[in-house]
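Coordinates from structure35.txt are shown below (compact mmCIF, C-alpha atoms (C1' of nucleotides)).
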# COMPACT_ATOMS: atom_id res chain seq x y z
CA MET A 1 -2.89 -2.09 1.60
CA ILE A 2 -2.51 -2.85 -0.90
CA SER A 3 -0.50 -5.96 -1.37
CA ASP A 4 -1.29 -9.02 -3.41
CA CYS A 5 1.32 -11.51 -2.40
CA TYR A 6 -0.39 -14.65 -3.52
CA ASP A 7 0.49 -16.06 -6.91
CA PRO A 8 -2.41 -17.65 -8.80
CA ALA A 9 0.05 -19.19 -11.25
CA MET A 10 1.68 -21.35 -8.62
CA SER A 11 -1.46 -22.84 -7.15
CA GLU A 12 -2.85 -23.47 -10.59
CA ARG A 13 0.23 -25.51 -11.25
CA VAL A 14 -0.69 -27.56 -8.18
CA GLY A 15 -4.39 -27.61 -8.96
CA GLY A 16 -3.98 -28.88 -12.49
CA LYS A 17 -4.59 -26.30 -15.22
CA PRO A 18 -1.72 -24.35 -16.78
CA PRO A 19 -1.03 -20.95 -15.21
CA SER A 20 -1.37 -17.60 -16.89
CA GLY A 21 -0.64 -15.25 -14.00
CA VAL A 22 -1.33 -11.94 -15.73
CA ALA A 23 -3.18 -10.69 -12.66
CA PHE A 24 -0.24 -11.40 -10.39
CA LEU A 25 2.23 -9.84 -12.82
CA LEU A 26 0.05 -6.72 -12.88
CA THR A 27 0.14 -6.32 -9.09
CA GLN A 28 3.84 -7.15 -8.95
CA VAL A 29 4.94 -4.75 -11.69
CA GLY A 30 2.38 -2.13 -10.63
CA THR A 31 3.62 -2.14 -7.06
CA HIS A 32 7.19 -1.89 -8.27
CA ALA A 33 6.28 1.08 -10.49
CA ALA A 34 4.61 2.87 -7.59
CA ARG A 35 7.58 2.24 -5.32
CA ARG A 36 10.14 3.46 -7.83
CA PHE A 37 8.14 6.63 -8.47
CA ALA A 38 7.93 7.26 -4.73
CA GLU A 39 11.71 6.92 -4.47
CA ARG A 40 12.19 9.38 -7.29
CA VAL A 41 9.89 12.12 -5.99
CA ALA A 42 11.33 11.65 -2.49
CA GLU A 43 14.34 13.55 -3.85
CA LEU A 44 12.00 16.51 -4.35
CA ASP A 45 10.86 16.12 -0.70
CA ILE A 46 7.36 15.04 -1.61
CA THR A 47 5.31 11.85 -1.66
CA PRO A 48 3.20 10.52 -4.55
CA PRO A 49 -0.09 11.69 -2.96
CA VAL A 50 1.32 15.22 -2.68
CA ALA A 51 2.43 15.08 -6.32
CA GLY A 52 -1.13 14.12 -7.30
CA LEU A 53 -2.54 16.90 -5.16
CA LEU A 54 -0.30 19.53 -6.77
CA ARG A 55 -1.34 18.36 -10.21
CA SER A 56 -5.02 18.47 -9.23
CA ILE A 57 -4.72 22.04 -7.97
CA ALA A 58 -2.84 23.06 -11.12
CA THR A 59 -5.47 21.47 -13.37
CA GLY A 60 -8.39 23.18 -11.62
CA PRO A 61 -7.09 26.18 -9.67
CA GLY A 62 -9.27 28.06 -7.19
CA ARG A 63 -11.45 25.14 -6.15
CA SER A 64 -12.42 24.44 -2.53
CA GLN A 65 -10.65 21.78 -0.47
CA GLN A 66 -13.78 19.62 -0.54
CA ALA A 67 -13.93 19.78 -4.33
CA VAL A 68 -10.31 18.66 -4.60
CA ALA A 69 -10.72 15.97 -1.95
CA ASP A 70 -13.78 14.74 -3.78
CA GLU A 71 -11.98 14.53 -7.12
CA LEU A 72 -9.09 12.58 -5.66
CA GLY A 73 -11.35 10.44 -3.47
CA LEU A 74 -9.49 11.26 -0.27
CA LEU A 75 -10.79 12.25 3.13
CA PRO A 76 -11.08 15.99 3.86
CA SER A 77 -9.19 15.45 7.11
CA ARG A 78 -6.25 13.96 5.21
CA LEU A 79 -6.19 16.83 2.74
CA VAL A 80 -5.89 19.39 5.54
CA ALA A 81 -2.55 17.98 6.66
CA PHE A 82 -1.23 17.95 3.10
CA VAL A 83 -2.29 21.55 2.43
CA ASP A 84 -0.91 22.67 5.81
CA ASP A 85 2.48 21.29 4.85
CA LEU A 86 2.42 22.68 1.29
CA GLU A 87 1.36 26.11 2.55
CA ARG A 88 4.18 26.17 5.12
CA ARG A 89 6.61 25.39 2.30
CA GLY A 90 5.22 28.21 0.16
CA LEU A 91 4.01 25.91 -2.62
CA VAL A 92 0.25 26.35 -2.20
CA GLU A 93 -1.91 29.24 -1.08
CA ARG A 94 -5.28 29.20 0.73
CA ARG A 95 -7.60 32.12 -0.15
CA ARG A 96 -10.93 32.74 1.58
CA ASN A 97 -13.93 32.58 -0.75
CA ALA A 98 -15.69 35.98 -0.48
CA ASP A 99 -19.08 34.50 -1.43
CA ASP A 100 -18.94 31.69 1.12
CA ARG A 101 -16.44 32.42 3.84
CA ARG A 102 -16.48 28.80 5.04
CA GLN A 103 -14.54 27.78 1.95
CA TYR A 104 -10.88 28.09 1.07
CA ALA A 105 -9.83 28.29 -2.58
CA LEU A 106 -6.56 26.50 -3.38
CA TRP A 107 -3.92 28.02 -5.66
CA LEU A 108 -0.38 27.10 -6.66
CA THR A 109 2.36 29.65 -5.99
CA ALA A 110 5.15 30.28 -8.50
CA ASP A 111 7.35 27.92 -6.47
CA GLY A 112 4.58 25.34 -6.58
CA GLN A 113 4.37 25.57 -10.35
CA ALA A 114 8.15 25.24 -10.65
CA LEU A 115 8.03 22.13 -8.48
CA LEU A 116 5.28 20.69 -10.64
CA GLY A 117 7.57 21.10 -13.61
CA ARG A 118 10.31 19.16 -11.87
CA ILE A 119 7.77 16.45 -10.99
CA GLY A 120 6.86 16.23 -14.67
CA ARG A 121 10.48 15.66 -15.64
CA THR A 122 10.77 13.03 -12.89
CA GLY A 123 7.68 11.31 -14.26
CA ARG A 124 9.15 11.17 -17.76
CA GLU A 125 12.40 9.67 -16.44
CA HIS A 126 10.34 7.14 -14.50
CA GLU A 127 8.34 6.24 -17.59
CA LEU A 128 11.45 5.76 -19.72
CA ASP A 129 13.29 3.68 -17.15
CA LEU A 130 10.35 1.42 -16.36
CA THR A 131 9.69 0.58 -20.01
CA ARG A 132 13.30 0.63 -21.23
CA SER A 133 13.11 -3.06 -22.21
CA LEU A 134 10.31 -2.36 -24.72
CA ASP A 135 10.50 -0.73 -28.14
CA ASP A 136 8.07 2.03 -29.14
CA GLY A 137 5.56 -0.35 -30.69
CA GLU A 138 5.52 -2.62 -27.66
CA ARG A 139 5.17 0.33 -25.30
CA ALA A 140 2.13 1.54 -27.25
CA GLN A 141 0.72 -1.99 -27.30
CA LEU A 142 1.11 -2.32 -23.54
CA GLY A 143 -0.51 1.06 -23.01
CA ALA A 144 -3.48 0.10 -25.16
CA LEU A 145 -4.05 -3.21 -23.34
CA LEU A 146 -3.77 -1.55 -19.91
CA ALA A 147 -6.15 1.23 -20.97
CA ARG A 148 -8.67 -1.39 -22.08
CA ILE A 149 -8.52 -3.12 -18.70
CA ALA A 150 -8.70 0.19 -16.85
CA GLU A 151 -11.83 1.20 -18.73
CA ASP A 152 -13.46 -2.22 -18.40
CA GLN A 153 -12.79 -2.25 -14.65
CA GLY A 154 -14.30 1.22 -14.22
CA LEU A 155 -11.14 3.04 -13.13
CA THR A 156 -11.25 6.83 -13.22
CA PRO A 157 -8.77 8.22 -15.76
CA HIS A 158 -5.77 10.00 -14.20
CA VAL A 159 -6.88 9.25 -10.64
CA HIS A 160 -4.93 6.71 -8.71
CA PRO A 161 -6.98 4.14 -6.78
CA GLY A 162 -4.60 4.62 -3.84
CA PHE A 163 -6.50 7.83 -3.19
CA SER A 164 -9.75 6.03 -2.78
CA SER A 165 -11.85 5.44 0.28
CA LEU A 166 -14.62 7.50 -1.26
CA LYS A 167 -17.00 6.72 1.53
CA MET B 168 3.60 2.80 0.51
CA ILE B 169 2.69 2.03 -2.21
CA SER B 170 0.70 4.65 -3.93
CA ASP B 171 1.59 6.48 -7.06
CA CYS B 172 -1.05 9.12 -7.40
CA TYR B 173 0.73 11.44 -9.74
CA ASP B 174 0.02 11.17 -13.42
CA PRO B 175 3.03 11.78 -15.68
CA ALA B 176 0.73 11.98 -18.67
CA MET B 177 -1.00 15.11 -17.40
CA SER B 178 2.08 17.12 -16.59
CA GLU B 179 3.65 16.17 -19.87
CA ARG B 180 0.65 17.70 -21.51
CA VAL B 181 1.48 20.90 -19.61
CA GLY B 182 5.21 20.57 -20.17
CA GLY B 183 4.99 20.11 -23.91
CA LYS B 184 5.69 16.59 -25.17
CA PRO B 185 2.86 14.15 -25.82
CA PRO B 186 2.09 11.83 -22.91
CA SER B 187 2.47 8.07 -22.92
CA GLY B 188 1.55 7.25 -19.32
CA VAL B 189 2.28 3.53 -19.34
CA ALA B 190 3.96 3.82 -15.94
CA PHE B 191 0.90 5.46 -14.39
CA LEU B 192 -1.44 2.92 -15.99
CA LEU B 193 0.68 0.16 -14.51
CA THR B 194 0.38 1.51 -10.97
CA GLN B 195 -3.32 2.26 -11.43
CA VAL B 196 -4.29 -1.14 -12.84
CA GLY B 197 -1.83 -2.96 -10.57
CA THR B 198 -3.26 -1.34 -7.46
CA HIS B 199 -6.77 -2.16 -8.62
CA ALA B 200 -5.78 -5.80 -9.21
CA ALA B 201 -4.28 -6.08 -5.72
CA ARG B 202 -7.35 -4.51 -4.14
CA ARG B 203 -9.81 -6.76 -5.96
CA PHE B 204 -7.81 -9.84 -5.00
CA ALA B 205 -7.80 -8.71 -1.35
CA GLU B 206 -11.58 -8.34 -1.48
CA ARG B 207 -11.96 -11.83 -2.90
CA VAL B 208 -9.77 -13.65 -0.38
CA ALA B 209 -11.37 -11.65 2.46
CA GLU B 210 -14.35 -13.99 1.95
CA LEU B 211 -12.01 -16.83 2.96
CA ASP B 212 -11.06 -14.81 6.09
CA ILE B 213 -7.50 -14.21 4.97
CA THR B 214 -5.42 -11.36 3.59
CA PRO B 215 -3.14 -11.46 0.54
CA PRO B 216 0.04 -11.74 2.67
CA VAL B 217 -1.44 -14.76 4.45
CA ALA B 218 -2.34 -16.33 1.09
CA GLY B 219 1.27 -15.86 -0.02
CA LEU B 220 2.53 -17.36 3.22
CA LEU B 221 0.33 -20.45 2.85
CA ARG B 222 1.57 -20.97 -0.68
CA SER B 223 5.18 -20.58 0.43
CA ILE B 224 4.77 -23.20 3.16
CA ALA B 225 3.03 -25.57 0.72
CA THR B 226 5.80 -25.14 -1.86
CA GLY B 227 8.60 -25.83 0.62
CA PRO B 228 7.16 -27.62 3.66
CA GLY B 229 9.16 -28.16 6.83
CA ARG B 230 11.34 -25.05 6.55
CA SER B 231 12.14 -22.78 9.49
CA GLN B 232 10.32 -19.49 10.05
CA GLN B 233 13.46 -17.57 9.16
CA ALA B 234 13.81 -19.44 5.87
CA VAL B 235 10.21 -18.61 4.94
CA ALA B 236 10.52 -15.00 6.09
CA ASP B 237 13.69 -14.71 4.05
CA GLU B 238 12.07 -16.06 0.88
CA LEU B 239 9.14 -13.67 1.16
CA GLY B 240 11.30 -10.77 2.26
CA LEU B 241 9.28 -10.06 5.37
CA LEU B 242 10.41 -9.38 8.92
CA PRO B 243 10.61 -12.38 11.29
CA SER B 244 8.59 -10.42 13.83
CA ARG B 245 5.76 -9.99 11.32
CA LEU B 246 5.76 -13.66 10.43
CA VAL B 247 5.30 -14.68 14.06
CA ALA B 248 1.93 -12.95 14.24
CA PHE B 249 0.78 -14.56 10.98
CA VAL B 250 1.82 -18.05 12.07
CA ASP B 251 0.25 -17.54 15.52
CA ASP B 252 -3.07 -16.79 13.86
CA LEU B 253 -2.86 -19.62 11.33
CA GLU B 254 -1.90 -22.11 14.05
CA ARG B 255 -4.85 -21.03 16.22
CA ARG B 256 -7.12 -21.65 13.22
CA GLY B 257 -5.66 -25.12 12.66
CA LEU B 258 -4.27 -24.32 9.21
CA VAL B 259 -0.55 -24.46 9.99
CA GLU B 260 1.51 -26.52 12.42
CA ARG B 261 4.78 -25.62 14.21
CA ARG B 262 7.12 -28.59 14.87
CA ARG B 263 10.37 -28.32 16.84
CA ASN B 264 13.44 -29.20 14.82
CA ALA B 265 15.18 -32.07 16.69
CA ASP B 266 18.61 -31.18 15.28
CA ASP B 267 18.42 -27.51 16.24
CA ARG B 268 15.83 -26.93 18.92
CA ARG B 269 15.83 -23.17 18.33
CA GLN B 270 13.98 -23.68 15.05
CA TYR B 271 10.35 -24.40 14.27
CA ALA B 272 9.49 -26.27 11.07
CA LEU B 273 6.29 -25.07 9.38
CA TRP B 274 3.76 -27.50 7.91
CA LEU B 275 0.29 -27.15 6.41
CA THR B 276 -2.52 -29.15 8.01
CA ALA B 277 -5.18 -30.89 5.90
CA ASP B 278 -7.45 -27.90 6.51
CA GLY B 279 -4.64 -25.61 5.39
CA GLN B 280 -4.23 -27.53 2.16
CA ALA B 281 -7.97 -27.41 1.55
CA LEU B 282 -7.94 -23.65 2.06
CA LEU B 283 -5.04 -23.33 -0.38
CA GLY B 284 -7.18 -25.09 -2.96
CA ARG B 285 -9.99 -22.58 -2.44
CA ILE B 286 -7.46 -19.74 -2.74
CA GLY B 287 -6.36 -21.21 -6.08
CA ARG B 288 -9.91 -21.18 -7.39
CA THR B 289 -10.31 -17.60 -6.17
CA GLY B 290 -7.11 -16.66 -8.01
CA ARG B 291 -8.40 -18.14 -11.26
CA GLU B 292 -11.69 -16.24 -10.93
CA HIS B 293 -9.71 -13.08 -10.25
CA GLU B 294 -7.53 -13.64 -13.29
CA LEU B 295 -10.51 -14.24 -15.57
CA ASP B 296 -12.46 -11.24 -14.33
CA LEU B 297 -9.53 -8.83 -14.48
CA THR B 298 -8.65 -9.73 -18.08
CA ARG B 299 -12.20 -10.37 -19.34
CA SER B 300 -11.90 -7.53 -21.86
CA LEU B 301 -8.97 -9.27 -23.62
CA ASP B 302 -8.98 -12.28 -25.93
CA ASP B 303 -6.55 -15.15 -25.43
CA GLY B 304 -3.91 -13.70 -27.74
CA GLU B 305 -4.02 -10.29 -26.09
CA ARG B 306 -3.84 -11.85 -22.62
CA ALA B 307 -0.72 -13.77 -23.65
CA GLN B 308 0.74 -10.64 -25.22
CA LEU B 309 0.15 -8.62 -22.05
CA GLY B 310 1.68 -11.38 -19.93
CA ALA B 311 4.79 -11.46 -22.13
CA LEU B 312 5.30 -7.68 -21.98
CA LEU B 313 4.82 -7.61 -18.20
CA ALA B 314 7.20 -10.53 -17.74
CA ARG B 315 9.81 -8.68 -19.78
CA ILE B 316 9.51 -5.59 -17.57
CA ALA B 317 9.54 -7.69 -14.40
CA GLU B 318 12.75 -9.41 -15.44
CA ASP B 319 14.41 -6.21 -16.62
CA GLN B 320 13.55 -4.47 -13.34
CA GLY B 321 14.97 -7.34 -11.31
CA LEU B 322 11.74 -8.52 -9.68
CA THR B 323 11.79 -11.95 -8.03
CA PRO B 324 9.42 -14.36 -9.82
CA HIS B 325 6.34 -15.28 -7.79
CA VAL B 326 7.25 -12.98 -4.89
CA HIS B 327 5.24 -9.86 -4.43
CA PRO B 328 7.23 -6.66 -3.76
CA GLY B 329 4.71 -5.78 -1.06
CA PHE B 330 6.52 -8.31 1.09
CA SER B 331 9.79 -6.49 0.73
CA SER B 332 11.87 -4.62 3.23
CA LEU B 333 14.50 -7.35 2.87
CA LYS B 334 17.05 -5.80 5.18
C1' DT C 335 29.28 -15.10 21.37
C1' DA C 336 25.75 -15.88 17.69
C1' DT C 337 21.18 -17.29 16.18
C1' DT C 338 15.86 -18.47 16.34
C1' DG C 339 11.88 -17.10 17.65
C1' DT C 340 9.43 -13.73 20.37
C1' DT C 341 7.82 -9.45 22.67
C1' DA C 342 7.55 -4.55 23.14
C1' DT C 343 7.52 -0.33 21.03
C1' DA C 344 7.23 3.39 17.70
C1' DC C 345 6.04 5.55 13.52
C1' DT C 346 3.24 6.04 9.51
C1' DC C 347 -1.20 5.70 7.05
C1' DT C 348 -5.79 5.54 7.21
C1' DA C 349 -10.50 6.13 9.00
C1' DT C 350 -14.15 8.08 12.34
C1' DA C 351 -16.14 11.27 14.98
C1' DA C 352 -16.40 15.55 17.33
C1' DC C 353 -15.62 20.50 17.16
C1' DT C 354 -15.64 25.77 14.98
C1' DA C 355 -17.17 29.09 12.08
C1' DT C 356 -19.96 30.28 8.82
C1' DA C 357 -24.30 29.78 6.19
C1' DT D 358 -30.05 22.93 10.73
C1' DA D 359 -26.57 22.08 7.54
C1' DT D 360 -21.89 22.58 5.48
C1' DA D 361 -16.43 23.61 5.07
C1' DG D 362 -12.71 23.07 7.34
C1' DT D 363 -10.28 21.44 11.37
C1' DT D 364 -8.79 18.66 15.37
C1' DA D 365 -8.43 14.50 18.10
C1' DT D 366 -8.21 9.81 18.22
C1' DA D 367 -8.05 5.00 17.14
C1' DG D 368 -6.86 1.29 14.20
C1' DA D 369 -4.10 -1.04 10.65
C1' DG D 370 0.56 -1.94 8.68
C1' DT D 371 5.37 -1.69 9.14
C1' DA D 372 9.94 -1.15 11.18
C1' DT D 373 13.49 -1.37 15.26
C1' DA D 374 15.36 -3.00 19.26
C1' DA D 375 15.53 -5.86 23.24
C1' DC D 376 14.77 -10.44 25.28
C1' DA D 377 14.74 -15.86 26.27
C1' DA D 378 16.12 -20.25 24.79
C1' DT D 379 19.38 -22.76 22.38
C1' DA D 380 23.60 -23.43 19.87
Please go through the file and, once you have read it, give me the structure as structure tokens.
Amino acid sequence: MISDCYDPAMSERVGGKPPSGVAFLLTQVGTHAARRFAERVAELDITPPVAGLLRSIATGPGRSQQAVADELGLLPSRLVAFVDDLERRGLVERRRNADDRRQYALWLTADGQALLGRIGRTGREHELDLTRSLDDGERAQLGALLARIAEDQGLTPHVHPGFSSLK
Amino acid sequence: MISDCYDPAMSERVGGKPPSGVAFLLTQVGTHAARRFAERVAELDITPPVAGLLRSIATGPGRSQQAVADELGLLPSRLVAFVDDLERRGLVERRRNADDRRQYALWLTADGQALLGRIGRTGREHELDLTRSLDDGERAQLGALLARIAEDQGLTPHVHPGFSSLK
DNA sequence: TATTGTTATACTCTATAACTATA
DNA sequence: TATAGTTATAGAGTATAACAATA
């Protein structure tokens, strides 16, 4: 999923009217951004979904797996595999909830927090490289326009749509 | 591939410096754009890759499957399945090349051209809806900034990175 | 021997449903 | 009975290698 390979601009050229093609540019550049970020965090032996999961746990520590899965819009069965792997690597800890022993509370270990720091630095490098052809004013302008579209289209702040499925 | 679920902005907030988050916004909005376009063309019983393939054949008719696969950066083995389906539906035609009988030349049928027209209208609707919160000047501004990034990052015009693998 | 198109296969991602243990 | 977490499984999408026909 997740690929928009058709270019409205081209067919508009055939159809008559002049092309604008902002939508296609958005999918093209957006896909490139996602791919480059994935390449960068691969050097930390994680994938983008795992990076998002670590951040989510850090932002709201001690929540149940369902609560986290719900926030990120991913299936509980997917989250299990992620947490299994992170727990094996000593980055995340599962603790039984004493009040409701069906639930596990998720916490970051010290190693997990250190990794999150490295992910943050990777994200800043990614940001700088991707927008290196813009000056500060243009970067802010682009951010403002994208934020407007994101809000208008009903996208949840800080949650990537790649997580979705929601159900 | 293709999902960038980690938000640099958030961890920067933890790390210290103020967040900008243009890179994350790009993947978020770009993924949304690709998904919405996929939903739209699904009503024409095609997927975005197939829409891109139809456009490619229309732009350069009579080329071999390898030439088309090469342009779009997709594997020959993937293209076979797409062309099989499109030929069954009477949208594309395979013709043996008389000079080199190993090759098939790809052509759009009249039905295929009609479908391409409907795809073009769908693309224009998509473009308008996605950028409905911007005025004409802002839309042009956004397009210019995205085009600058696309060129700087070495993206091929009119070819979606989702096709890639290149090899 | 090399190339075009094709088939077979495998590996990942994603989605659904069934199972367990607790409530 | 309902819920949290887990397991098993099936379907896309994607990549690799082997094959037949032709050069």
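Coordinates place atom CA of Ala190 of chain B at a distance of 6.8 Å from atom CA of Leu130 of chain A.
Excluding segment 134-138 of chain A itself and same-chain residues fewer than 6 positions from it, the residues having an atom within 9 Å of it are Leu312, Arg315 and Ile316 of chain B, counting only C-alpha atoms (C1' of nucleotides).
Rounded to one decimal, atom CA of Asp100 of chain A and atom CA of Thr59 of chain A lie 22.3 Å from each other.
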With all atoms listed in the file counted and 9 Å as the cut-off, give the residues of chain A in contact with chain C, each with its shortest interatomic distance in Å and the pair that gives it, as a Markdown table.
| residue | atom | partner | partner_atom | distance |
| --- | --- | --- | --- | --- |
| A:Leu75 | CA | C:DA349 | C1' | 8.5 |
| A:Arg78 | CA | C:DT348 | C1' | 8.7 |
| A:Asp100 | CA | C:DA357 | C1' | 7.6 |
| A:Arg101 | CA | C:DT356 | C1' | 6.5 |
| A:Arg102 | CA | C:DT356 | C1' | 5.3 |
| A:Ser165 | CA | C:DA349 | C1' | 8.9 |
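Near Arg95 of chain A, within a cut-off of 8 Å and counting only C-alpha atoms (C1' of nucleotides), sit the residues Tyr104, Ala105, Leu106 and Trp107 of chain A, with same-chain residues fewer than 6 positions away left out.
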At most 8 Å to chain D: residues in chain A, only C-alpha atoms (C1' of nucleotides), as a list in words: Met1, Gln66, Ser77, Val80, Arg102 and Gln103 of chain A
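Comparing the minimum interatomic distances between chain A and each of B:Phe249, B:Arg207, B:Pro228, B:Val217, counting all atoms listed in the file, we find that B:Val217 sits nearest.
Atom CA of Leu26 of chain A sits 14.9 Å away from atom CA of His160 of chain A.
Nearest-residue note for chain A: choosing from B:Ala265, B:Ala317, B:Leu241, B:Val208, the minimum distance belongs to B:Ala317, counting all atoms listed in the file.
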